[in-house]
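Everything below belongs to entry_10.cif, which stores mmCIF, C-alpha atoms.
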data_protein
#
loop_
_atom_site.label_atom_id
_atom_site.label_comp_id
_atom_site.auth_asym_id
_atom_site.auth_seq_id
_atom_site.Cartn_x
_atom_site.Cartn_y
_atom_site.Cartn_z
CA MET A 12 99.14 -22.16 55.53
CA GLU A 13 102.35 -20.39 56.54
CA LEU A 14 103.29 -20.54 60.20
CA SER A 15 104.35 -17.51 62.20
CA LEU A 16 106.75 -17.31 65.14
CA GLU A 17 103.72 -16.89 67.39
CA ASP A 18 102.51 -20.30 66.23
CA LEU A 19 105.57 -21.87 67.91
CA LYS A 20 104.38 -20.52 71.25
CA ARG A 21 100.80 -21.56 70.55
CA ALA A 22 101.90 -25.15 69.90
CA LEU A 23 103.39 -25.20 73.40
CA ASP A 24 100.72 -23.42 75.44
CA GLU A 25 97.45 -23.82 73.51
CA PRO A 26 96.60 -27.56 73.42
CA GLY A 27 93.89 -26.96 70.84
CA ARG A 28 96.42 -25.58 68.37
CA THR A 29 99.25 -28.10 68.80
CA ALA A 30 98.05 -30.69 66.29
CA ASP A 31 97.45 -28.14 63.51
CA VAL A 32 100.81 -26.42 64.01
CA CYS A 33 102.73 -29.71 64.19
CA SER A 34 100.98 -31.16 61.13
CA THR A 35 101.47 -28.02 59.05
CA LEU A 36 105.12 -27.68 60.02
CA LEU A 37 105.93 -31.34 59.41
CA GLY A 38 104.32 -31.23 55.95
CA ALA A 39 106.28 -28.09 55.02
CA TRP A 40 109.46 -29.65 56.39
CA PHE A 41 109.08 -32.76 54.22
CA GLU A 42 108.58 -30.60 51.11
CA ASN A 43 111.66 -28.54 51.98
CA ILE A 44 113.87 -31.53 52.76
CA SER A 45 112.86 -33.18 49.47
CA ARG A 46 113.92 -30.11 47.48
CA ARG A 47 117.19 -29.82 49.38
CA LEU A 48 117.99 -33.49 48.82
CA GLY A 49 117.41 -33.16 45.08
CA ASP A 50 119.70 -30.14 44.92
CA ALA A 51 122.39 -31.83 47.04
CA LEU A 52 122.36 -34.99 44.91
CA SER A 53 122.71 -32.91 41.73
CA ALA A 54 125.63 -31.00 43.21
CA LYS A 55 127.31 -34.17 44.47
CA GLY A 56 126.85 -35.92 41.13
CA SER A 57 128.46 -33.04 39.24
CA GLU A 58 131.67 -33.45 41.24
CA GLY A 59 132.64 -36.55 39.25
CA SER A 60 133.76 -38.20 42.45
CA GLU A 61 134.14 -41.87 43.36
CA SER A 62 130.64 -41.66 44.80
CA ARG A 63 129.02 -40.90 41.45
CA ALA A 64 127.59 -44.44 41.11
CA ALA A 65 125.96 -44.24 44.53
CA VAL A 66 124.57 -40.77 43.79
CA ASP A 67 123.07 -42.02 40.51
CA ALA A 68 121.58 -45.08 42.22
CA VAL A 69 119.94 -42.97 44.94
CA ALA A 70 118.59 -40.47 42.41
CA ARG A 71 117.15 -43.24 40.22
CA SER A 72 115.56 -45.11 43.10
CA ILE A 73 113.78 -42.36 45.04
CA PRO A 74 111.04 -41.84 42.39
CA HIS A 75 110.15 -45.54 42.72
CA LEU A 76 109.50 -45.34 46.48
CA ASP A 77 105.87 -45.31 47.50
CA SER A 78 104.69 -42.31 49.56
CA SER A 79 105.20 -44.05 52.91
CA ALA A 80 108.72 -45.24 52.08
CA ARG A 81 109.59 -41.82 50.70
CA ARG A 82 108.55 -40.09 53.95
CA ARG A 83 110.44 -42.67 55.99
CA LEU A 84 113.56 -41.98 53.93
CA LEU A 85 113.23 -38.19 54.04
CA GLY A 86 112.65 -38.30 57.80
CA SER A 87 115.72 -40.43 58.42
CA PRO A 88 119.08 -39.31 59.84
CA TRP A 89 120.76 -40.51 56.64
CA VAL A 90 119.18 -37.74 54.59
CA SER A 91 119.94 -34.99 57.11
CA GLY A 92 123.43 -36.39 57.62
CA PHE A 93 124.10 -36.27 53.88
CA LEU A 94 122.69 -32.74 53.61
CA ASP A 95 124.89 -31.61 56.51
CA ASN A 96 128.06 -33.00 54.92
CA PRO A 97 127.75 -34.66 51.48
CA SER A 98 131.40 -35.73 51.66
CA GLY A 99 131.38 -36.72 55.33
CA VAL A 100 131.48 -39.97 57.27
CA ALA A 101 128.21 -41.40 58.59
CA TYR A 102 129.67 -44.08 60.88
CA GLU A 103 132.18 -46.92 61.04
CA ASN A 104 131.09 -50.43 60.12
CA GLU A 105 131.83 -53.60 62.08
CA ASN A 106 135.30 -53.77 60.50
CA GLY A 107 136.19 -50.23 61.52
CA GLU A 108 135.82 -48.94 57.96
CA SER A 109 134.37 -45.47 57.42
CA ILE A 110 131.01 -45.40 55.62
CA SER A 111 130.39 -42.14 53.80
CA THR A 112 127.16 -40.20 54.14
CA ILE A 113 126.22 -40.87 50.50
CA HIS A 114 126.71 -44.61 50.90
CA ALA A 115 124.78 -44.62 54.17
CA LEU A 116 121.99 -42.85 52.28
CA LEU A 117 122.14 -45.49 49.56
CA LEU A 118 121.77 -48.26 52.13
CA ALA A 119 118.72 -46.49 53.55
CA VAL A 120 117.18 -46.31 50.07
CA LEU A 121 117.85 -50.01 49.54
CA ALA A 122 116.24 -50.83 52.88
CA GLU A 123 113.05 -48.96 51.98
CA ASN A 124 112.92 -50.39 48.44
CA PRO A 125 114.20 -53.98 48.66
CA ASP A 126 112.39 -55.23 45.53
CA ARG A 127 114.05 -52.81 43.11
CA GLN A 128 117.39 -53.88 41.62
CA LEU A 129 119.91 -51.07 41.84
CA HIS A 130 122.85 -51.37 39.46
CA TYR A 131 125.49 -48.94 40.58
CA GLY A 132 128.68 -50.60 39.40
CA SER A 133 131.47 -52.11 41.44
CA GLY A 134 131.87 -49.37 44.01
CA GLU A 135 132.81 -49.94 47.62
CA LEU A 136 129.28 -51.07 48.56
CA SER A 137 128.60 -53.35 45.61
CA ASP A 138 128.54 -56.44 47.86
CA HIS A 139 126.84 -54.79 50.86
CA SER A 140 123.20 -54.92 51.84
CA PRO A 141 121.18 -52.83 54.29
CA HIS A 142 121.64 -53.67 57.96
CA GLU A 143 118.62 -51.68 59.19
CA SER A 144 115.67 -49.66 57.95
CA ALA A 145 115.93 -45.95 57.22
CA LEU A 146 114.29 -45.10 60.55
CA GLY A 147 116.00 -47.89 62.47
CA ASP A 148 112.75 -49.57 63.49
CA TRP A 149 114.06 -52.93 62.24
CA THR A 150 117.55 -54.35 61.99
CA ILE A 151 119.14 -57.42 60.45
CA LYS A 152 120.59 -59.90 62.95
CA HIS A 153 123.08 -62.53 61.81
CA HIS A 154 123.27 -66.00 63.33
CA ARG A 155 124.40 -69.48 62.33
CA GLY A 156 121.21 -70.26 60.49
CA GLY A 157 121.42 -67.08 58.43
CA THR A 158 119.81 -63.71 59.06
CA GLU A 159 116.52 -62.44 60.40
CA ARG A 160 114.78 -59.10 60.59
CA VAL A 161 114.27 -58.00 64.20
CA GLN A 162 111.99 -55.18 65.27
CA ARG A 163 113.43 -52.66 67.70
CA PRO A 164 111.16 -51.63 70.59
CA ARG A 165 109.01 -48.53 70.33
CA LEU A 166 108.21 -45.90 72.93
CA GLY A 167 104.72 -44.50 73.06
CA GLY A 168 103.86 -46.80 70.18
CA VAL A 169 105.83 -44.64 67.72
CA ILE A 170 109.39 -43.70 68.74
CA VAL A 171 112.17 -46.22 68.07
CA LEU A 172 114.42 -47.14 71.01
CA ASP A 173 117.95 -47.79 69.77
CA GLY A 174 120.98 -48.73 71.84
CA ASP A 175 122.91 -50.97 69.46
CA SER A 176 122.99 -49.44 65.98
CA ARG A 177 126.08 -48.11 64.27
CA LEU A 178 124.57 -44.66 64.50
CA SER A 179 124.09 -44.98 68.27
CA ARG A 180 127.74 -46.02 68.64
CA ARG A 181 129.12 -43.18 66.49
CA TYR A 182 131.89 -41.01 67.98
CA GLU A 183 131.65 -37.23 67.77
CA ALA A 184 134.32 -35.15 69.49
CA GLU A 185 132.06 -32.07 69.53
CA SER A 186 129.06 -33.89 71.04
CA GLY A 187 128.18 -33.83 74.72
CA THR A 188 126.87 -37.39 74.58
CA PHE A 189 128.59 -39.11 71.65
CA CYS A 190 132.04 -38.01 72.85
CA ARG A 191 131.60 -40.38 75.81
CA PRO A 192 132.73 -44.01 75.91
CA CYS A 193 130.27 -46.44 74.35
CA LEU A 194 129.79 -49.53 76.50
CA ASP A 195 127.64 -52.52 75.54
CA ILE A 196 124.12 -52.44 76.98
CA SER A 197 122.87 -55.80 78.23
CA GLN A 198 119.39 -57.02 77.32
CA GLU A 199 118.37 -56.67 80.98
CA GLU A 200 119.56 -53.07 81.00
CA MET A 201 117.84 -52.38 77.67
CA ASP A 202 114.57 -53.73 79.04
CA ALA A 203 114.89 -51.48 82.10
CA ILE A 204 115.71 -48.48 79.92
CA GLY A 205 112.66 -49.19 77.78
CA GLU A 206 110.39 -49.40 80.83
CA LYS A 207 111.78 -46.15 82.23
CA LEU A 208 111.42 -44.23 78.98
CA GLU A 209 107.95 -45.64 78.39
CA ALA A 210 106.99 -44.39 81.86
CA ALA A 211 108.45 -40.99 80.94
CA ILE A 212 106.32 -40.82 77.78
CA HIS A 213 103.28 -41.84 79.83
CA MET A 214 104.03 -39.05 82.28
CA LEU A 215 104.08 -36.53 79.43
CA ASP A 216 100.80 -37.89 78.12
CA GLU A 217 99.18 -37.73 81.57
CA ALA A 218 100.39 -34.24 82.47
CA ALA A 219 100.29 -32.52 79.07
CA PRO A 220 98.89 -34.63 76.20
CA HIS A 221 99.57 -31.88 73.65
CA LEU A 222 103.27 -32.02 74.50
CA GLY A 223 103.16 -35.81 74.14
CA LEU A 224 101.80 -35.22 70.63
CA LEU A 225 104.60 -32.78 69.82
CA VAL A 226 107.18 -35.30 71.04
CA ARG A 227 105.75 -38.07 68.86
CA THR A 228 105.65 -35.75 65.83
CA PHE A 229 109.24 -34.51 65.96
CA THR A 230 111.10 -37.37 67.62
CA ARG A 231 111.35 -40.58 65.63
CA ARG A 232 114.27 -42.29 67.37
CA VAL A 233 115.92 -42.24 70.82
CA LEU A 234 119.61 -43.17 70.74
CA VAL A 235 120.74 -44.31 74.18
CA ARG A 236 124.39 -44.56 75.19
CA LYS A 237 125.95 -46.17 78.25
CA SER A 238 129.28 -44.67 79.30
CA ILE A 239 129.53 -45.97 82.86
CA GLU A 240 128.47 -49.16 84.66
CA GLU A 241 125.72 -49.15 87.29
CA GLY A 242 128.07 -49.68 90.23
CA GLU A 243 130.83 -47.26 89.23
CA ASP A 244 131.75 -44.13 91.18
CA VAL A 245 129.02 -41.50 90.95
CA ALA A 246 131.74 -38.84 90.63
CA LEU A 247 132.39 -40.19 87.13
CA LEU A 248 128.72 -40.15 86.19
CA ASN A 249 127.50 -38.06 83.27
CA LEU A 250 123.78 -37.74 82.70
CA GLY A 251 122.44 -35.79 79.81
CA SER A 252 120.63 -35.56 76.51
CA GLU A 253 121.20 -33.85 73.22
CA TYR A 254 119.66 -33.01 69.87
CA ARG A 255 121.79 -32.28 66.80
CA PRO A 256 120.08 -31.37 63.50
CA ILE A 257 122.61 -33.46 61.56
CA HIS A 258 120.46 -36.43 62.60
CA ALA A 259 116.93 -35.11 62.20
CA GLY A 260 114.32 -36.63 64.49
CA CYS A 261 116.91 -38.43 66.65
CA ILE A 262 117.49 -37.48 70.27
CA ARG A 263 120.40 -38.78 72.31
CA MET A 264 120.28 -39.81 75.96
CA LEU A 265 123.18 -40.77 78.18
CA ASN A 266 123.24 -43.37 80.97
CA VAL A 267 119.49 -43.89 81.22
CA HIS A 268 120.24 -47.28 82.86
CA ARG A 269 121.48 -45.52 86.01
CA THR A 270 119.03 -45.10 88.88
CA GLU A 271 120.00 -41.43 89.08
CA MET A 272 118.28 -40.91 85.72
CA THR A 273 114.76 -40.93 87.11
CA VAL A 274 111.51 -41.11 85.14
CA ASP A 275 110.80 -37.40 85.62
CA LEU A 276 114.30 -36.45 84.47
CA CYS A 277 113.80 -38.67 81.41
CA ALA A 278 110.45 -37.01 80.67
CA GLU A 279 112.04 -33.58 80.87
CA ALA A 280 114.98 -34.68 78.70
CA ILE A 281 112.69 -36.14 76.02
CA LEU A 282 110.61 -32.97 75.95
CA HIS A 283 113.70 -30.75 75.99
CA GLU A 284 115.28 -32.40 72.96
CA SER A 285 111.99 -32.82 71.11
CA VAL A 286 111.39 -29.07 71.31
CA HIS A 287 114.86 -28.54 69.82
CA SER A 288 113.80 -30.85 66.97
CA PHE A 289 110.53 -28.92 66.57
CA LEU A 290 112.36 -25.57 66.46
CA SER A 291 114.99 -26.90 64.06
CA ALA A 292 112.25 -28.05 61.68
CA TYR A 293 110.78 -24.53 61.75
CA GLU A 294 114.19 -23.04 61.00
CA ASP A 295 114.75 -25.47 58.13
CA VAL A 296 111.58 -24.19 56.50
CA TYR A 297 111.51 -20.50 57.45
CA GLY A 298 115.14 -19.65 58.21
CA LYS A 299 117.23 -19.31 61.35
CA PHE A 300 115.96 -17.21 64.24
CA MET A 301 119.34 -15.46 64.22
CA SER A 302 122.97 -16.02 63.36
CA GLY A 303 124.76 -19.02 64.87
CA SER A 304 127.98 -16.97 65.15
CA ILE A 305 129.90 -17.62 68.36
CA ARG A 306 132.13 -14.52 68.20
CA VAL A 307 130.27 -13.00 71.16
CA ARG A 308 128.23 -15.16 73.50
CA PRO A 309 125.48 -14.12 75.92
CA VAL A 310 125.10 -15.75 79.33
CA SER A 311 122.33 -18.31 79.75
CA PRO A 312 120.11 -17.32 82.70
CA TRP A 313 119.52 -21.01 83.39
CA SER A 314 123.04 -22.47 83.34
CA GLY A 315 125.16 -19.36 83.81
CA ASN A 316 127.28 -20.50 80.87
CA PHE A 317 128.28 -18.45 77.84
CA ILE A 318 126.31 -19.88 74.91
CA PRO A 319 125.73 -18.82 71.28
CA ASN A 320 122.86 -16.40 70.65
CA HIS A 321 121.14 -19.05 68.56
CA SER A 322 121.28 -21.54 71.46
CA LEU A 323 119.76 -18.95 73.80
CA ALA A 324 116.94 -18.41 71.30
CA HIS A 325 116.17 -22.14 71.45
CA ALA A 326 116.53 -22.21 75.24
CA VAL A 327 113.71 -19.69 75.75
CA PHE A 328 111.24 -22.00 73.99
CA VAL A 329 112.68 -25.18 75.52
CA TYR A 330 112.32 -23.89 79.07
CA TYR A 331 108.91 -22.48 78.30
CA ALA A 332 107.82 -25.97 77.22
CA ILE A 333 109.33 -27.51 80.36
CA HIS A 334 107.44 -24.92 82.41
CA GLN A 335 104.24 -25.99 80.65
CA LEU A 336 104.92 -29.59 81.70
CA LEU A 337 105.70 -28.71 85.32
CA ASP A 338 102.73 -26.35 85.50
CA HIS A 339 100.39 -29.13 84.36
CA VAL A 340 101.94 -31.50 86.93
CA ARG A 341 101.26 -29.13 89.80
CA ARG A 342 97.64 -28.80 88.71
CA CYS A 343 97.08 -32.53 89.28
CA PRO A 344 99.60 -33.50 92.02
CA SER A 345 97.62 -36.53 93.20
CA THR A 346 98.56 -38.29 89.95
CA PHE A 347 102.28 -38.30 90.75
CA ASP A 348 104.60 -39.74 93.38
CA PRO A 349 105.37 -37.29 96.28
CA ILE A 350 109.15 -37.78 95.96
CA MET A 351 108.92 -37.07 92.25
CA LEU A 352 106.86 -33.95 92.97
CA LYS A 353 109.59 -32.61 95.26
CA ARG A 354 112.18 -33.04 92.55
CA MET A 355 109.92 -31.33 90.04
CA LYS A 356 109.35 -28.47 92.47
CA ARG A 357 113.08 -27.83 92.46
CA ARG A 358 113.12 -28.02 88.67
CA LEU A 359 110.25 -25.53 88.45
CA MET A 360 112.16 -23.09 90.65
CA HIS A 361 115.20 -23.48 88.39
CA VAL A 362 113.15 -22.86 85.25
CA ASP A 363 111.45 -19.83 86.83
CA GLY A 364 114.80 -18.47 87.93
CA GLY A 365 115.90 -18.03 84.32
CA PHE A 366 112.76 -16.10 83.40
CA PHE A 367 112.70 -13.96 86.57
CA ILE A 368 115.79 -11.95 85.68
CA GLU A 369 115.34 -8.19 86.10
CA SER A 370 116.00 -7.33 82.46
CA ARG A 371 113.88 -8.23 79.49
CA MET A 372 114.82 -11.55 77.93
CA SER A 373 115.52 -9.85 74.61
CA ALA A 374 118.22 -7.71 76.27
CA LEU A 375 120.37 -10.80 76.84
CA PHE A 376 121.18 -11.31 73.16
CA LEU A 377 124.49 -9.90 71.90
CA LEU A 378 124.01 -9.58 68.14
CA ASP A 379 126.07 -8.04 65.36
CA PHE A 380 122.83 -7.56 63.43
CA PRO A 381 119.42 -7.13 65.09
CA ALA A 382 117.05 -10.08 65.08
CA SER A 383 113.48 -9.53 63.93
CA ALA A 384 111.31 -7.35 66.14
CA GLU A 385 108.70 -10.11 66.02
CA PHE A 386 111.11 -12.64 67.52
CA MET A 387 112.38 -10.31 70.24
CA GLY A 388 108.82 -9.37 71.15
CA LEU A 389 107.92 -13.05 71.38
CA VAL A 390 110.71 -13.98 73.81
CA ASP A 391 109.73 -11.02 76.00
CA ASN A 392 106.11 -12.15 75.86
CA VAL A 393 107.10 -15.68 76.93
CA GLN A 394 108.99 -14.19 79.88
CA SER A 395 106.02 -12.04 80.92
CA VAL A 396 103.67 -15.06 80.77
CA ILE A 397 105.91 -16.99 83.18
CA LYS A 398 106.12 -14.01 85.53
CA ARG A 399 102.34 -13.69 85.61
CA ILE A 400 101.87 -17.38 86.36
CA ASP A 401 104.57 -17.73 89.00
CA ARG A 402 104.70 -14.45 90.86
CA PRO A 403 106.81 -14.81 94.03
CA SER A 404 104.73 -14.34 97.16
CA ALA A 405 105.74 -12.17 100.10
CA ASP A 406 107.56 -15.09 101.76
CA GLY A 407 109.55 -15.85 98.63
CA GLU A 408 107.58 -18.93 97.59
CA ILE A 409 106.33 -19.37 94.06
CA ALA A 410 102.60 -18.78 93.76
CA GLY A 411 100.78 -22.01 92.99
CA ASP A 412 103.91 -24.03 93.71
CA LEU A 413 104.10 -27.82 93.66
CA THR A 414 103.33 -29.35 97.03
#

Give the structure from the file, written as structure tokens.
Amino acid sequence: MELSLEDLKRALDEPGRTADVCSTLLGAWFENISRRLGDALSAKGSEGSESRAAVDAVARSIPHLDSSARRRLLGSPWVSGFLDNPSGVAYENENGESISTIHALLLAVLAENPDRQLHYGSGELSDHSPHESALGDWTIKHHRGGTERVQRPRLGGVIVLDGDSRLSRRYEAESGTFCRPCLDISQEEMDAIGEKLEAAIHMLDEAAPHLGLLVRTFTRRVLVRKSIEEGEDVALLNLGSEYRPIHAGCIRMLNVHRTEMTVDLCAEAILHESVHSFLSAYEDVYGKFMSGSIRVRPVSPWSGNFIPNHSLAHAVFVYYAIHQLLDHVRRCPSTFDPIMLKRMKRRLMHVDGGFFIESRMSALFLLDFPASAEFMGLVDNVQSVIKRIDRPSADGEIAGDLT
């Protein structure tokens, strides 16, 4: 079954369709990523580079993975990272040495297939062993008595919570979260972060179970970063979240340990980034919604910032999903804390504000080449749905507003 653009909207606003759309898309995504990986390994191997031994070892090993291990590998950030930049750097190890994306991929293969002997010569990783699983759900801890495998905590029973991996500590100058300082997170703080994010997942499940399903399907790992201590000046505080397709299925969250990062903000952030992951999976399979060129940028009606056309395309669906969450919350207000409801009321007004612009949503895009009529019609339809639901009343209040 081939999915249409309309199916993206149905997954967000028709709970009865969410499971089918998510399952179909995820299956198609795995098939696509498998083909792309095979092509990328062939191309990398033909370069005759120093990484040839690692490429050969990965290519030989993948056919020996069972179906579960194969899906775990394909769904990992090490595959998407390699596909994004086959000659790039995945992270720095404990000695400050750069680990290439192909060698990080090799370590992930080894982790998912520990019983198979891989003979790949005397390359730079010949005396290395995996330090965590492909999905990061377990890690190897070293102590005086040797090593042990330690399970990382899971959110919602599925999503890995990670605040100490080499991936979570990676520096990216172009990232809004990973450009920040990376401070150590204490066990007490990690426990508090886990409780807060678990409560956020529970909130999604309570308010909109179909969105909780979408989150669990397209988010496999939450990478948390601490850039400021609890007691430091709030003027220095950065809160935020991010999704970058180079690490498929991984969302990034900043300073969750701070009290300012409330459960409802966490729930919105998790949903926000998970929808980006969902949309990116669709684009991997069916092609980009539109060009990612940044030569001319439209203005986001939500932030007022100039953003790429492609980012605006994502934003329409992201804020539509957030509206779905807030709309479900206001339909059962007795379930939630009154202070939280007030914050969410303000968020609903912000979300509505972006859709209640005078022009059609499609008119915001500044494109060198027209996007598909189907896509432009869909973003206008999303806008009209929001306007029907939340018509301003005569006194300026939003109809059916949170109380």

Identify all residues satisfying the PyMOL selection byres ((chain A and resi 19) around 12) in the given file; provide them as an MDAnalysis selection string.
chainID A and resid 13:18 20:26 28:33 35:36 225 286:287 289:294 300 325 327:329 331:332 386 389:390 393

Could you tell me which of A:Leu222, A:Met272, A:Leu359, A:Val296 comes closest to Ser45 (chain A) if we count all atoms listed in the file?
A:Val296

When the PyMOL selection byres ((chain A and resi 319) around 8) is applied to the file above, which residues end up in the set, as a list of chain:residue names?
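Here the PyMOL selection byres ((chain A and resi 319) around 8) matches A:Gly303, A:Ser304, A:Ile305, A:Val307, A:Arg308, A:Pro309, A:Phe317, A:Ile318, A:Asn320, A:His321, A:Ser322, A:Leu323.
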
Let's have the selection written as a compact mmCIF listing (two decimals), in the coordinates of the input, with C-alpha atoms.
# COMPACT_ATOMS: atom_id res chain seq x y z
CA GLY A 303 124.76 -19.02 64.87
CA SER A 304 127.98 -16.97 65.15
CA ILE A 305 129.90 -17.62 68.36
CA VAL A 307 130.27 -13.00 71.16
CA ARG A 308 128.23 -15.16 73.50
CA PRO A 309 125.48 -14.12 75.92
CA PHE A 317 128.28 -18.45 77.84
CA ILE A 318 126.31 -19.88 74.91
CA ASN A 320 122.86 -16.40 70.65
CA HIS A 321 121.14 -19.05 68.56
CA SER A 322 121.28 -21.54 71.46
CA LEU A 323 119.76 -18.95 73.80

If you apply the PyMOL selection byres ((chain A and resi 94) around 10) to this file, what residues do you get, as a list in words?
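On this input, the PyMOL selection byres ((chain A and resi 94) around 10) captures Ile44, Arg47, Leu48, Asp50, Ala51, Leu52, Pro88, Trp89, Val90, Ser91, Gly92, Phe93, Asp95, Asn96, Pro97, Ser98, Gly99, Thr112, Ile113, Ile257 and His258 of chain A.
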
Show me as an NGL selection string the residues that reach within 9 Å of (108.5, -39.6, 77.8), counting only C-alpha atoms and using the file's own coordinates.
:A and (166-167 or 207-216 or 223 or 226 or 274-275 or 277-282)

Provide the CA of Ala184 (chain A) to CA of Asn106 (chain A) distance in Å, to one decimal place.
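So the answer is 20.7 Å.
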
Which residue, A:Ser144, A:Tyr297, A:Ala219, A:Gly364, has the smallest gap to Ala39 (chain A) when you use only C-alpha atoms?
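Smallest distance to Ala39 (chain A) is found for A:Tyr297.
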
For each of A:His283, A:Lys299, A:His339, A:Arg371, take the minimum atom-to-atom distance to Gly388 (chain A), counting all atoms listed in the file, then give the residue where this is smallest.
A:Arg371

Measuring between all atoms listed in the file, which one of A:Met301, A:Glu61, A:His142, A:Glu217 shows the shortest distance to Pro381 (chain A)?
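Checking each of A:Met301, A:Glu61, A:His142, A:Glu217 against Pro381 (chain A), counting all atoms listed in the file, the winner is A:Met301.
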